[in-house]
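Just final.cif here, mmCIF, C-alpha atoms and all ligand atoms:
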```cif
data_work
#
loop_
_atom_site.label_atom_id
_atom_site.label_comp_id
_atom_site.auth_asym_id
_atom_site.auth_seq_id
_atom_site.Cartn_x
_atom_site.Cartn_y
_atom_site.Cartn_z
CA MET A 1 7.25 33.00 194.12
CA TYR A 2 9.68 32.73 191.23
CA SER A 3 12.23 29.93 191.24
CA ALA A 4 15.84 30.35 192.29
CA ARG A 5 16.92 29.67 188.72
CA THR A 6 14.94 32.67 187.46
CA HIS A 7 16.19 34.81 190.32
CA LEU A 8 19.84 34.07 189.46
CA ILE A 9 19.16 35.56 186.01
CA HIS A 10 17.22 38.63 187.06
CA GLY A 11 18.58 39.41 190.54
CA ARG A 12 16.51 42.06 192.22
CA ALA A 13 14.63 43.67 189.36
CA GLN A 14 14.68 46.79 191.52
CA THR A 15 17.67 47.34 193.69
CA ALA A 16 18.55 50.22 195.94
CA ARG A 17 22.11 49.72 194.74
CA TRP A 18 21.35 51.43 191.46
CA ASP A 19 18.26 52.63 189.67
CA PHE A 20 18.62 50.46 186.63
CA LYS A 21 15.02 49.90 185.77
CA HIS A 22 15.78 51.01 182.24
CA HIS A 23 18.83 48.78 181.86
CA VAL A 24 18.24 45.22 180.73
CA VAL A 25 21.82 44.33 181.68
CA PRO A 26 23.13 45.67 184.99
CA PRO A 27 25.68 48.46 184.45
CA LEU A 28 29.40 48.00 184.92
CA SER A 29 30.34 50.96 187.02
CA SER A 30 33.86 52.26 187.10
CA SER A 31 34.26 55.10 189.53
CA VAL A 32 36.79 55.07 192.33
CA THR A 33 35.25 57.95 194.18
CA TYR A 34 31.75 59.44 194.58
CA ARG A 35 30.48 62.99 194.74
CA LEU A 36 29.20 63.78 198.20
CA ASP A 37 26.62 66.55 198.09
CA SER A 38 27.43 67.86 201.53
CA SER A 39 29.79 67.16 204.41
CA HIS A 40 26.72 66.00 206.30
CA ARG A 41 26.05 63.33 203.64
CA GLY A 42 29.72 62.32 203.67
CA ALA A 43 29.64 61.92 207.44
CA GLN A 44 26.43 59.88 207.19
CA GLY A 45 28.11 57.58 204.61
CA PHE A 46 30.92 56.76 207.01
CA THR A 47 28.54 56.23 209.93
CA ASP A 48 26.28 53.92 207.92
CA TYR A 49 29.13 51.88 206.46
CA GLY A 50 28.63 48.17 206.87
CA SER A 51 25.14 48.54 208.31
CA ASP A 52 23.30 48.63 205.00
CA THR A 53 23.90 45.01 204.08
CA ILE A 54 20.35 43.86 204.63
CA GLU A 55 18.21 46.96 204.55
CA SER A 56 17.58 47.81 200.97
CA LYS A 57 18.04 51.54 201.38
CA THR A 58 20.31 53.19 198.85
CA PRO A 59 23.83 53.21 200.27
CA ILE A 60 25.80 56.43 200.36
CA TYR A 61 28.72 55.54 198.15
CA ILE A 62 32.03 57.12 199.13
CA TYR A 63 34.90 55.16 197.63
CA ASP A 64 35.16 51.88 195.66
CA ARG A 65 37.04 49.97 198.38
CA LEU A 66 34.21 50.64 200.85
CA ASP A 67 31.18 49.87 198.68
CA GLU A 68 30.22 50.23 195.05
CA PRO A 69 27.09 49.43 193.00
CA THR A 70 28.09 46.70 190.51
CA ARG A 71 29.76 44.63 193.22
CA GLY A 72 26.83 45.42 195.50
CA MET A 73 24.36 43.95 193.00
CA LEU A 74 26.50 40.82 192.74
CA GLU A 75 26.52 40.59 196.54
CA GLU A 76 22.72 40.76 196.68
CA THR A 77 22.37 37.90 194.20
CA LEU A 78 25.11 35.81 195.81
CA ALA A 79 23.51 36.18 199.24
CA PHE A 80 20.28 34.97 197.67
CA ALA A 81 22.06 32.08 195.91
CA GLU A 82 23.58 30.80 199.16
CA GLY A 83 20.50 31.54 201.27
CA GLY A 84 22.39 34.00 203.48
CA GLU A 85 21.58 37.50 204.67
CA ALA A 86 24.70 39.14 203.26
CA ALA A 87 27.59 38.47 200.90
CA VAL A 88 30.90 40.34 200.94
CA CYS A 89 33.09 39.97 197.84
CA PHE A 90 36.86 39.85 197.75
CA ALA A 91 39.54 39.97 195.07
CA SER A 92 40.01 36.17 195.10
CA GLY A 93 38.82 33.07 196.89
CA MET A 94 41.90 33.20 199.12
CA ALA A 95 41.23 36.85 200.01
CA ALA A 96 37.72 35.76 201.06
CA ILE A 97 38.97 32.78 203.06
CA SER A 98 41.68 34.75 204.85
CA ALA A 99 39.14 37.49 205.69
CA ALA A 100 36.56 34.98 206.91
CA VAL A 101 38.96 33.51 209.46
CA MET A 102 41.07 36.56 210.34
CA ALA A 103 38.07 38.82 210.96
CA GLN A 104 36.68 36.31 213.43
CA LEU A 105 39.84 35.35 215.34
CA ARG A 106 42.29 36.89 217.79
CA GLY A 107 45.81 35.76 218.62
CA GLY A 108 45.74 32.81 221.01
CA GLN A 109 42.59 31.30 219.48
CA GLU A 110 42.40 28.11 217.46
CA ILE A 111 40.92 26.61 214.31
CA ILE A 112 40.04 22.98 213.88
CA ALA A 113 40.32 22.14 210.18
CA HIS A 114 39.83 19.00 208.19
CA ASN A 115 43.21 17.43 207.45
CA VAL A 116 42.85 17.78 203.67
CA LEU A 117 42.26 21.31 202.39
CA TYR A 118 42.73 23.38 199.27
CA GLY A 119 46.54 23.83 199.11
CA CYS A 120 46.66 27.60 199.68
CA THR A 121 44.17 27.37 202.55
CA PHE A 122 46.41 24.73 204.11
CA SER A 123 49.40 27.03 203.68
CA LEU A 124 47.48 30.02 205.10
CA PHE A 125 46.52 28.04 208.20
CA HIS A 126 49.89 26.39 208.76
CA ASN A 127 52.45 28.91 207.46
CA TRP A 128 50.89 32.31 208.08
CA LEU A 129 48.30 32.25 210.87
CA PRO A 130 50.80 30.85 213.43
CA ARG A 131 52.80 34.09 213.00
CA TYR A 132 49.80 35.90 214.49
CA GLY A 133 49.36 33.41 217.30
CA ILE A 134 46.52 31.47 215.65
CA ARG A 135 46.94 27.73 215.74
CA THR A 136 45.23 25.15 213.50
CA ARG A 137 44.61 21.60 214.60
CA SER A 138 44.21 19.22 211.65
CA VAL A 139 41.78 16.37 212.19
CA ASP A 140 39.75 14.02 210.07
CA LEU A 141 36.33 15.63 210.40
CA GLY A 142 34.72 12.47 209.09
CA ASP A 143 35.50 11.18 212.58
CA LEU A 144 33.23 13.16 214.92
CA LYS A 145 35.01 11.75 217.98
CA ALA A 146 38.28 13.21 216.69
CA LEU A 147 36.55 16.58 216.37
CA GLU A 148 35.36 16.48 219.98
CA GLU A 149 38.79 15.45 221.19
CA ALA A 150 40.54 18.27 219.31
CA VAL A 151 38.37 21.01 220.83
CA THR A 152 40.01 23.20 223.45
CA PRO A 153 38.72 26.28 225.31
CA LYS A 154 40.55 28.30 222.60
CA THR A 155 38.70 26.76 219.64
CA ARG A 156 36.61 29.31 217.71
CA ILE A 157 36.28 27.93 214.16
CA VAL A 158 35.67 24.53 212.61
CA TYR A 159 36.71 24.76 208.96
CA PHE A 160 36.28 22.37 206.03
CA GLU A 161 35.41 21.80 202.37
CA THR A 162 32.94 19.24 201.14
CA PRO A 163 33.44 17.42 198.84
CA VAL A 164 37.05 17.29 199.94
CA ASN A 165 39.65 18.11 197.30
CA PRO A 166 40.73 15.99 195.47
CA ASP A 167 39.25 12.62 196.35
CA LEU A 168 35.65 13.91 196.77
CA ARG A 169 34.99 12.36 200.11
CA LEU A 170 32.02 14.12 201.73
CA LEU A 171 31.88 15.60 205.21
CA ASP A 172 28.45 15.62 206.84
CA ILE A 173 27.62 19.27 207.56
CA ARG A 174 24.54 18.48 209.68
CA ALA A 175 26.42 15.93 211.78
CA ILE A 176 29.27 18.38 212.42
CA ARG A 177 26.65 21.02 213.32
CA ALA A 178 25.15 18.69 215.92
CA VAL A 179 28.54 18.14 217.55
CA VAL A 180 29.39 21.86 217.52
CA ASP A 181 25.96 22.70 219.03
CA ARG A 182 26.74 20.34 221.88
CA LEU A 183 30.20 21.84 222.36
CA ASN A 184 28.72 25.35 222.36
CA GLN A 185 26.43 24.62 225.28
CA GLY A 186 27.78 26.60 228.18
CA ARG A 187 30.02 28.76 225.99
CA SER A 188 29.41 32.51 226.09
CA PRO A 189 28.58 34.34 222.84
CA GLU A 190 32.23 35.52 222.60
CA THR A 191 33.59 32.00 222.85
CA THR A 192 31.08 30.29 220.54
CA ILE A 193 32.55 27.94 217.96
CA ARG A 194 31.47 28.76 214.40
CA ILE A 195 31.43 26.51 211.36
CA VAL A 196 32.97 27.85 208.16
CA VAL A 197 32.47 25.82 204.96
CA ASP A 198 34.23 26.34 201.64
CA ASN A 199 31.52 25.69 199.03
CA THR A 200 33.69 26.24 195.94
CA PHE A 201 33.49 22.68 194.56
CA CYS A 202 29.70 22.47 194.71
CA THR A 203 28.71 26.07 194.01
CA PRO A 204 25.42 27.11 195.63
CA PHE A 205 23.59 25.30 192.84
CA CYS A 206 24.57 21.88 194.25
CA GLN A 207 24.76 22.59 197.98
CA ARG A 208 23.81 25.38 200.39
CA PRO A 209 25.85 24.87 203.56
CA LEU A 210 24.05 27.63 205.52
CA SER A 211 20.82 25.66 205.26
CA LEU A 212 22.65 22.58 206.57
CA GLY A 213 24.13 24.26 209.65
CA ALA A 214 27.21 26.26 208.58
CA ASP A 215 27.53 29.74 210.10
CA VAL A 216 29.64 31.17 207.30
CA VAL A 217 30.20 30.10 203.69
CA VAL A 218 33.29 31.04 201.72
CA GLU A 219 33.76 30.41 198.04
CA SER A 220 35.96 31.19 195.11
CA LEU A 221 34.01 32.94 192.34
CA THR A 222 36.92 32.07 190.05
CA LYS A 223 35.62 28.51 189.70
CA GLY A 224 32.08 27.26 189.08
CA VAL A 225 30.21 30.43 190.03
CA GLY A 226 32.16 32.57 187.53
CA GLY A 227 32.27 29.56 185.24
CA PHE A 228 34.16 31.00 182.28
CA GLY A 229 37.62 31.31 183.78
CA THR A 230 38.10 34.99 183.00
CA ASP A 231 38.32 36.61 186.44
CA LEU A 232 39.42 35.91 190.00
CA GLY A 233 36.98 36.56 192.83
CA GLY A 234 35.79 35.32 196.19
CA ALA A 235 32.86 35.74 198.56
CA VAL A 236 31.96 35.35 202.22
CA ILE A 237 28.25 34.75 202.87
CA SER A 238 26.95 35.06 206.42
CA PRO A 239 24.34 36.57 208.72
CA ALA A 240 24.33 40.39 208.49
CA GLU A 241 25.71 40.63 212.01
CA LEU A 242 28.97 38.97 210.96
CA ALA A 243 29.06 40.70 207.57
CA LYS A 244 29.76 44.04 209.29
CA ASP A 245 33.14 42.70 210.38
CA PHE A 246 33.90 41.25 206.95
CA MET A 247 33.09 44.64 205.38
CA GLY A 248 35.31 46.39 207.94
CA TYR A 249 38.12 43.91 207.39
CA ARG A 250 37.87 44.32 203.63
CA LYS A 251 37.95 48.11 203.93
CA ASP A 252 41.16 48.08 205.96
CA PHE A 253 43.04 45.09 204.54
CA GLY A 254 41.96 46.14 201.09
CA GLY A 255 41.42 42.88 199.17
CA VAL A 256 38.22 44.08 197.53
CA LEU A 257 36.70 42.67 194.32
CA GLY A 258 36.94 45.23 191.52
CA PRO A 259 33.65 46.03 189.76
CA LYS A 260 35.16 44.99 186.40
CA SER A 261 35.57 41.48 187.85
CA ALA A 262 32.23 41.50 189.65
CA TRP A 263 30.33 42.30 186.46
CA PRO A 264 31.02 39.08 184.48
CA VAL A 265 29.98 36.97 187.48
CA LEU A 266 26.75 38.98 187.77
CA VAL A 267 25.99 39.04 184.03
CA TYR A 268 27.35 35.70 182.75
CA GLY A 269 28.26 33.48 185.71
CA LEU A 270 25.17 33.42 187.93
CA PRO A 271 22.56 33.60 185.13
CA THR A 272 24.07 30.50 183.45
CA LEU A 273 24.92 28.64 186.67
CA ALA A 274 21.95 26.27 186.63
CA ILE A 275 22.18 25.31 182.98
CA ARG A 276 25.96 24.94 183.01
CA ILE A 277 26.05 22.77 186.11
CA ARG A 278 23.20 20.54 184.95
CA GLN A 279 24.84 19.91 181.59
CA GLN A 280 28.28 19.43 183.17
CA GLU A 281 26.78 16.94 185.64
CA GLU A 282 25.26 14.99 182.77
CA ASN A 283 28.69 14.88 181.10
CA ALA A 284 30.40 13.96 184.38
CA LEU A 285 28.13 10.97 184.86
CA LYS A 286 28.87 9.72 181.33
CA VAL A 287 32.63 10.11 181.80
CA ALA A 288 32.51 8.50 185.27
CA THR A 289 30.50 5.57 183.90
CA PHE A 290 33.03 5.06 181.11
CA LEU A 291 35.99 5.18 183.52
CA GLU A 292 34.29 2.78 185.91
CA SER A 293 33.82 0.24 183.12
CA ASP A 294 37.47 0.39 182.01
CA PRO A 295 39.68 -2.29 183.61
CA ARG A 296 42.72 -0.01 183.48
CA ILE A 297 41.12 2.28 186.05
CA GLU A 298 41.44 1.17 189.67
CA ARG A 299 38.60 3.28 191.05
CA VAL A 300 36.44 6.26 190.18
CA THR A 301 34.91 8.61 192.70
CA TYR A 302 31.94 10.66 191.58
CA PRO A 303 29.06 11.38 193.95
CA GLY A 304 26.62 10.66 191.11
CA LEU A 305 27.73 7.03 190.69
CA GLU A 306 25.75 4.22 192.31
CA SER A 307 29.07 2.93 193.65
CA PHE A 308 29.88 6.17 195.50
CA PRO A 309 30.68 5.07 199.07
CA GLN A 310 28.70 7.89 200.73
CA ARG A 311 25.76 7.70 198.39
CA GLU A 312 23.12 8.28 201.03
CA LEU A 313 24.88 11.39 202.41
CA ALA A 314 25.42 12.69 198.87
CA HIS A 315 21.69 12.49 198.15
CA ARG A 316 20.88 14.25 201.40
CA GLN A 317 23.45 17.03 201.18
CA MET A 318 23.98 17.75 197.49
CA VAL A 319 20.70 18.98 196.07
CA ASP A 320 19.77 21.80 193.73
CA TYR A 321 17.19 24.50 194.41
CA GLU A 322 14.36 22.23 193.33
CA GLY A 323 15.46 19.37 195.53
CA ASN A 324 17.01 17.26 192.74
CA PHE A 325 20.21 15.36 193.45
CA ALA A 326 23.14 17.53 192.26
CA PRO A 327 26.39 15.55 192.43
CA GLY A 328 28.59 18.30 190.98
CA THR A 329 31.06 18.50 188.15
CA MET A 330 34.25 17.14 189.73
CA LEU A 331 35.48 13.60 189.46
CA TYR A 332 38.49 11.73 190.70
CA PHE A 333 39.95 8.46 189.49
CA VAL A 334 43.02 6.34 190.00
CA VAL A 335 44.91 4.86 187.07
CA ARG A 336 46.20 1.34 187.77
CA SER A 337 49.93 0.76 188.06
CA GLY A 338 51.81 -0.86 185.20
CA LYS A 339 52.85 -4.51 185.14
CA GLY A 340 56.10 -3.73 186.96
CA GLY A 341 54.23 -1.70 189.58
CA GLU A 342 55.20 1.63 188.00
CA ASN A 343 52.88 4.61 188.47
CA LEU A 344 51.10 5.40 185.21
CA GLY A 345 49.21 8.47 186.47
CA GLY A 346 52.11 10.72 185.42
CA PRO A 347 52.50 9.31 181.89
CA PHE A 348 48.69 9.29 181.46
CA ILE A 349 48.36 12.97 182.27
CA ASP A 350 51.42 13.85 180.18
CA TYR A 351 49.82 12.12 177.20
CA ILE A 352 46.62 14.14 177.70
CA ALA A 353 48.61 17.37 178.05
CA GLU A 354 50.35 16.74 174.76
CA HIS A 355 47.65 15.12 172.62
CA SER A 356 44.17 15.92 173.90
CA TYR A 357 42.08 18.57 172.19
CA SER A 358 39.00 18.44 174.43
CA ILE A 359 40.77 18.14 177.80
CA THR A 360 43.22 20.77 179.01
CA MET A 361 45.86 20.06 181.61
CA ALA A 362 45.61 22.99 184.00
CA VAL A 363 44.82 23.66 187.63
CA SER A 364 41.55 25.39 188.55
CA LEU A 365 38.08 23.97 187.98
CA GLY A 366 34.44 24.73 187.37
CA GLN A 367 34.92 26.14 183.88
CA VAL A 368 33.10 25.46 180.63
CA LYS A 369 36.36 23.81 179.50
CA THR A 370 37.31 20.43 180.92
CA LEU A 371 40.45 20.70 183.05
CA ILE A 372 42.56 17.80 184.28
CA GLU A 373 45.37 17.67 186.81
CA HIS A 374 47.55 15.33 188.84
CA PRO A 375 47.08 16.25 192.55
CA TYR A 376 49.99 14.14 193.78
CA SER A 377 52.61 16.09 191.83
CA MET A 378 50.74 19.37 191.42
CA THR A 379 48.08 20.90 193.68
CA HIS A 380 48.64 18.66 196.69
CA SER A 381 52.41 18.25 196.65
CA ALA A 382 52.77 20.80 199.47
CA ILE A 383 50.33 18.90 201.70
CA THR A 384 51.67 15.43 201.03
CA SER A 385 55.14 16.57 202.03
CA LYS A 386 53.83 18.05 205.32
CA VAL A 387 51.27 15.71 206.82
CA ASP A 388 50.99 11.98 206.58
CA LEU A 389 47.66 11.21 204.95
CA GLY A 390 48.42 7.57 204.35
CA ASN A 391 47.57 6.75 200.75
CA LEU A 392 44.80 9.35 200.55
CA ILE A 393 46.46 11.24 197.74
CA ASP A 394 47.39 8.47 195.41
CA PRO A 395 50.31 8.85 192.95
CA GLY A 396 47.96 7.47 190.28
CA GLY A 397 45.10 9.81 191.20
CA ILE A 398 43.70 12.18 188.58
CA ARG A 399 41.23 15.01 189.15
CA ILE A 400 38.97 16.20 186.34
CA SER A 401 36.68 19.20 186.30
CA ILE A 402 34.11 18.38 183.63
CA GLY A 403 33.14 21.13 181.21
CA LEU A 404 30.55 21.63 178.50
CA GLU A 405 32.19 19.72 175.65
CA ARG A 406 30.33 16.72 174.24
CA ALA A 407 30.89 13.84 176.69
CA GLU A 408 31.77 11.43 173.87
CA ASP A 409 34.72 13.66 172.87
CA LEU A 410 36.03 13.70 176.44
CA ILE A 411 35.72 9.92 176.60
CA ARG A 412 37.54 9.50 173.29
CA ASP A 413 40.49 11.57 174.54
CA LEU A 414 40.65 9.69 177.86
CA LYS A 415 40.54 6.36 176.06
CA ALA A 416 43.33 7.41 173.67
CA ALA A 417 45.54 8.28 176.65
CA LEU A 418 44.83 4.92 178.33
CA ASP A 419 45.57 3.08 175.09
CA ALA A 420 48.86 4.96 174.80
CA VAL A 421 50.21 4.24 178.29
CA PHE A 422 49.03 0.64 178.79
C1 LIG B 501 40.43 27.75 193.93
C2 LIG B 501 39.97 27.44 195.29
C3 LIG B 501 40.16 28.38 196.32
C4 LIG B 501 40.87 29.69 196.12
O1 LIG B 501 40.25 30.52 195.19
P1 LIG B 501 41.04 31.65 194.35
O2 LIG B 501 39.94 32.39 193.69
O3 LIG B 501 41.94 30.93 193.41
O4 LIG B 501 41.81 32.46 195.33
C5 LIG B 501 39.70 28.05 197.58
N1 LIG B 501 39.10 26.87 197.82
C6 LIG B 501 38.92 25.95 196.87
C7 LIG B 501 38.25 24.66 197.21
C8 LIG B 501 39.34 26.20 195.56
O5 LIG B 501 39.16 25.27 194.62
#
```
Could you show the structure in this file as structure tokens?
Amino acid sequence: MYSARTHLIHGRAQTARWDFKHHVVPPLSSSVTYRLDSSHRGAQGFTDYGSDTIESKTPIYIYDRLDEPTRGMLEETLAFAEGGEAAVCFASGMAAISAAVMAQLRGGQEIIAHNVLYGCTFSLFHNWLPRYGIRTRSVDLGDLKALEEAVTPKTRIVYFETPVNPDLRLLDIRAIRAVVDRLNQGRSPETTIRIVVDNTFCTPFCQRPLSLGADVVVESLTKGVGGFGTDLGGAVISPAELAKDFMGYRKDFGGVLGPKSAWPVLVYGLPTLAIRIRQQEENALKVATFLESDPRIERVTYPGLESFPQRELAHRQMVDYEGNFAPGTMLYFVVRSGKGGENLGGPFIDYIAEHSYSITMAVSLGQVKTLIEHPYSMTHSAITSKVDLGNLIDPGGIRISIGLERAEDLIRDLKAALDAVF
């Protein structure tokens, strides 16, 4: 048995998707339509569609939006990476998330979601799904009682991210599974509640939600999996039975991942995933340790720190393929207020934006470049204006996605910004 790390580099050396035994690098295909040798073969292609996700027989390709080889090879490796039977790739993380919920729900049914979500997911659930009769109840899923109380006969999906964006609180996937299993007792197969987890922050290198009890994993390939920040993409990983619906949904709603965007994830993203994340984690720990020792910082949250409040859960849930603790590449910290009580998070980040060479102020995350942002005024402003989360999203809070630069350079730029605003 070869290790997962080796598999992410080589994929299936032989794949029914394409005979590429003479290619060292998988081909980037670029063909919208496919020659069908006979009307019989064309008819067979349509009949088979969506049923070839696990069997490794060569698919009958018809048209790019239905299925196509470069994306298909990426899907095989992604399914492996997440430990699922099938992966279905979409044009962006949001296309994957909307498909994962819409393909499973009907009007009149309900989602229970954690009260803090990626901003666009929050907007999807609260601004768009209600138009189709789908309601979302927001609860703190760290409180399992609250989950049980929010369930109604209409509930079909429990949805969350862990770590939660931006403050990196963890939700216990196994514990939520245990509650949902109890709630599912006595429900028919059509009314079963399924757990959908967004694994974008961790990437499959740091956490595999399917192995912890999730039914479906969604993730943005734009972030850590792609890793280089060149292309948007998203994936839904699930049992083959559910994948048929995701394939059908993708065919008709059309948000498919183009092969030109699948190729860099297959050729650069996944093969370098392990080494990038390990190095970025090493950097993140150094930066977190520096911030924790600086009196101008009120608190630092990084699952790799000894002081992390959910340390035990982090060690249980966030592990790489070899069982090593894998605390991820995201960290969150709160800059203290000034002497007059003024918020210095804004001035701090403005200083970085203007003067830092090694740290870039930008949204997004998981890249080889370190990216910093101010959730209160940027990514989470839509949420904070809609639901009362107490002081969860602090005006002084800063989120950093740690990249591959030398940690000492990142620390120097952070220190310069602190020196400038205090
Ligand atoms: C970025 C992100 C998404 C959306 O992904 P896109 O590829 O930008 O559509 C979803 N969830 C999380 C947690 C993200 O960080």
For this session: Quick one: everything within 8 Å of A:Val88, counting all atoms listed in the file, minus sequence neighbours fewer than 5 positions away in the same chain. Send it as a ChimeraX atom specification.
Result: /A:75,235-237,243,246-247
For this session: Please check which protein, DNA or RNA residues sit within 8 Å of ligand LIG 501 (chain B), counting all atoms listed in the file, and write them as a PyMOL selection string.
Result: chain A and resi 91-97+117-118+120-121+161+164-165+198-201+219-223+232-234+364-365
For this session: Show me as a list in words the residues that reach within 12 Å of (38.7, 44.6, 208.9), counting only C-alpha atoms and using the file's own coordinates.
Result: Gly50, Arg65, Leu66, Val88, Ala96, Ser98, Ala99, Ala100, Val101, Met102, Ala103, Gln104, Leu105, Leu242, Ala243, Lys244, Asp245, Phe246, Met247, Gly248, Tyr249, Arg250, Lys251, Asp252, Phe253, Gly254, Gly255 and Val256 of chain A
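Remark: for A:Phe422, the closest of the candidate residues A:Arg336, A:Arg278, A:Arg406, A:His7 is A:Arg336 (distances computed over only C-alpha atoms).
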Exercise. Atom CA of A:Thr203 to atom CA of A:Ala4: how many Å, to one decimal?
Worked result: 13.7 Å
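Here atom CA of A:Leu331 stands at a distance of 10.2 Å from atom CA of A:Leu305.
Between A:Leu74 and the residues A:Ile134, A:Leu266, A:Ile402, A:Ala288, the shortest atom-to-atom distance, using only C-alpha atoms, involves A:Leu266.
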For this session: Determine, counting all atoms listed in the file, which protein, DNA and RNA residues have an atom within 12 Å of an atom of A:Ile411; residues of the same chain fewer than 6 positions away are not included. Present the result as a ChimeraX atom specification.
Result: /A:283-294,352,356-359,370,402,405,417-418
Exercise. Stretch 37-44 of chain A: which residues within 12 Å, counting all atoms listed in the file, same-chain residues fewer than 5 positions away excluded, as a PyMOL selection string?
Worked result: chain A and resi 49-52+59-63
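Using all atoms listed in the file, the smallest distance between any of A:Gly323, A:Gly403, A:Gly142, A:Gly84 and A:Leu171 comes from A:Gly142.
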Exercise. Which neighbours of A:His374 fall inside 12 Å, counting all atoms listed in the file, when residues of the same chain fewer than 6 positions from it are skipped, and could you give them as an MDAnalysis selection string?
Worked result: chainID A and resid 165:167 332:335 343:350 352:353 361:364 380:381 393:401
Generate a file of the selected residues that holds C-alpha atoms, formatted as a PDB file, in the frame of the given file.
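Wrote it out as out_38.pdb, contents follow:
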```pdb
ATOM      1  CA  ASN A 165      39.650  18.110 197.300  1.00  0.00           C
ATOM      2  CA  PRO A 166      40.730  15.990 195.470  1.00  0.00           C
ATOM      3  CA  ASP A 167      39.250  12.620 196.350  1.00  0.00           C
ATOM      4  CA  TYR A 332      38.490  11.730 190.700  1.00  0.00           C
ATOM      5  CA  PHE A 333      39.950   8.460 189.490  1.00  0.00           C
ATOM      6  CA  VAL A 334      43.020   6.340 190.000  1.00  0.00           C
ATOM      7  CA  VAL A 335      44.910   4.860 187.070  1.00  0.00           C
ATOM      8  CA  ASN A 343      52.880   4.610 188.470  1.00  0.00           C
ATOM      9  CA  LEU A 344      51.100   5.400 185.210  1.00  0.00           C
ATOM     10  CA  GLY A 345      49.210   8.470 186.470  1.00  0.00           C
ATOM     11  CA  GLY A 346      52.110  10.720 185.420  1.00  0.00           C
ATOM     12  CA  PRO A 347      52.500   9.310 181.890  1.00  0.00           C
ATOM     13  CA  PHE A 348      48.690   9.290 181.460  1.00  0.00           C
ATOM     14  CA  ILE A 349      48.360  12.970 182.270  1.00  0.00           C
ATOM     15  CA  ASP A 350      51.420  13.850 180.180  1.00  0.00           C
ATOM     16  CA  ILE A 352      46.620  14.140 177.700  1.00  0.00           C
ATOM     17  CA  ALA A 353      48.610  17.370 178.050  1.00  0.00           C
ATOM     18  CA  MET A 361      45.860  20.060 181.610  1.00  0.00           C
ATOM     19  CA  ALA A 362      45.610  22.990 184.000  1.00  0.00           C
ATOM     20  CA  VAL A 363      44.820  23.660 187.630  1.00  0.00           C
ATOM     21  CA  SER A 364      41.550  25.390 188.550  1.00  0.00           C
ATOM     22  CA  HIS A 380      48.640  18.660 196.690  1.00  0.00           C
ATOM     23  CA  SER A 381      52.410  18.250 196.650  1.00  0.00           C
ATOM     24  CA  ILE A 393      46.460  11.240 197.740  1.00  0.00           C
ATOM     25  CA  ASP A 394      47.390   8.470 195.410  1.00  0.00           C
ATOM     26  CA  PRO A 395      50.310   8.850 192.950  1.00  0.00           C
ATOM     27  CA  GLY A 396      47.960   7.470 190.280  1.00  0.00           C
ATOM     28  CA  GLY A 397      45.100   9.810 191.200  1.00  0.00           C
ATOM     29  CA  ILE A 398      43.700  12.180 188.580  1.00  0.00           C
ATOM     30  CA  ARG A 399      41.230  15.010 189.150  1.00  0.00           C
ATOM     31  CA  ILE A 400      38.970  16.200 186.340  1.00  0.00           C
ATOM     32  CA  SER A 401      36.680  19.200 186.300  1.00  0.00           C
TER      33      SER A 401
END
```
Problem set entry | Ref. answer, residues at most 7 Å from (26.4, 49.0, 187.4) with all atoms listed in the file, as an NGL selection string | :A and (18 or 26-29 or 69-70)
Convert the current residue selection to file output with C-alpha atoms, as a CSV table (one decimal), keeping the file's coordinate frame.
```csv
chain,number,residue,atom,x,y,z
A,18,TRP,CA,21.4,51.4,191.5
A,26,PRO,CA,23.1,45.7,185.0
A,27,PRO,CA,25.7,48.5,184.4
A,28,LEU,CA,29.4,48.0,184.9
A,29,SER,CA,30.3,51.0,187.0
A,69,PRO,CA,27.1,49.4,193.0
A,70,THR,CA,28.1,46.7,190.5
```
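Rounded to one decimal, atom CA of A:Arg296 and atom CA of A:Tyr351 lie 15.4 Å from each other.
Nearest-residue note for A:Ser3: choosing from A:Tyr321, A:Ala416, A:Phe125, A:Arg169, the minimum distance belongs to A:Tyr321, counting all atoms listed in the file.
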N, CA, C and O atoms for stretch 83-87 of chain A, written as a compact mmCIF listing (two decimals), in the coordinates of the input, could you do that?
```txt
# COMPACT_ATOMS: atom_id res chain seq x y z
N GLY A 83 21.50 31.53 200.20
CA GLY A 83 20.50 31.54 201.27
C GLY A 83 21.01 32.23 202.52
O GLY A 83 20.65 31.86 203.64
N GLY A 84 21.86 33.26 202.33
CA GLY A 84 22.39 34.00 203.48
C GLY A 84 21.85 35.42 203.50
O GLY A 84 21.26 35.88 202.53
N GLU A 85 22.07 36.12 204.60
CA GLU A 85 21.58 37.50 204.67
C GLU A 85 22.47 38.45 203.88
O GLU A 85 21.99 39.42 203.30
N ALA A 86 23.79 38.19 203.90
CA ALA A 86 24.70 39.14 203.26
C ALA A 86 25.88 38.41 202.63
O ALA A 86 26.34 37.39 203.14
N ALA A 87 26.37 38.97 201.52
CA ALA A 87 27.59 38.47 200.90
C ALA A 87 28.57 39.63 200.83
O ALA A 87 28.16 40.78 200.62
```
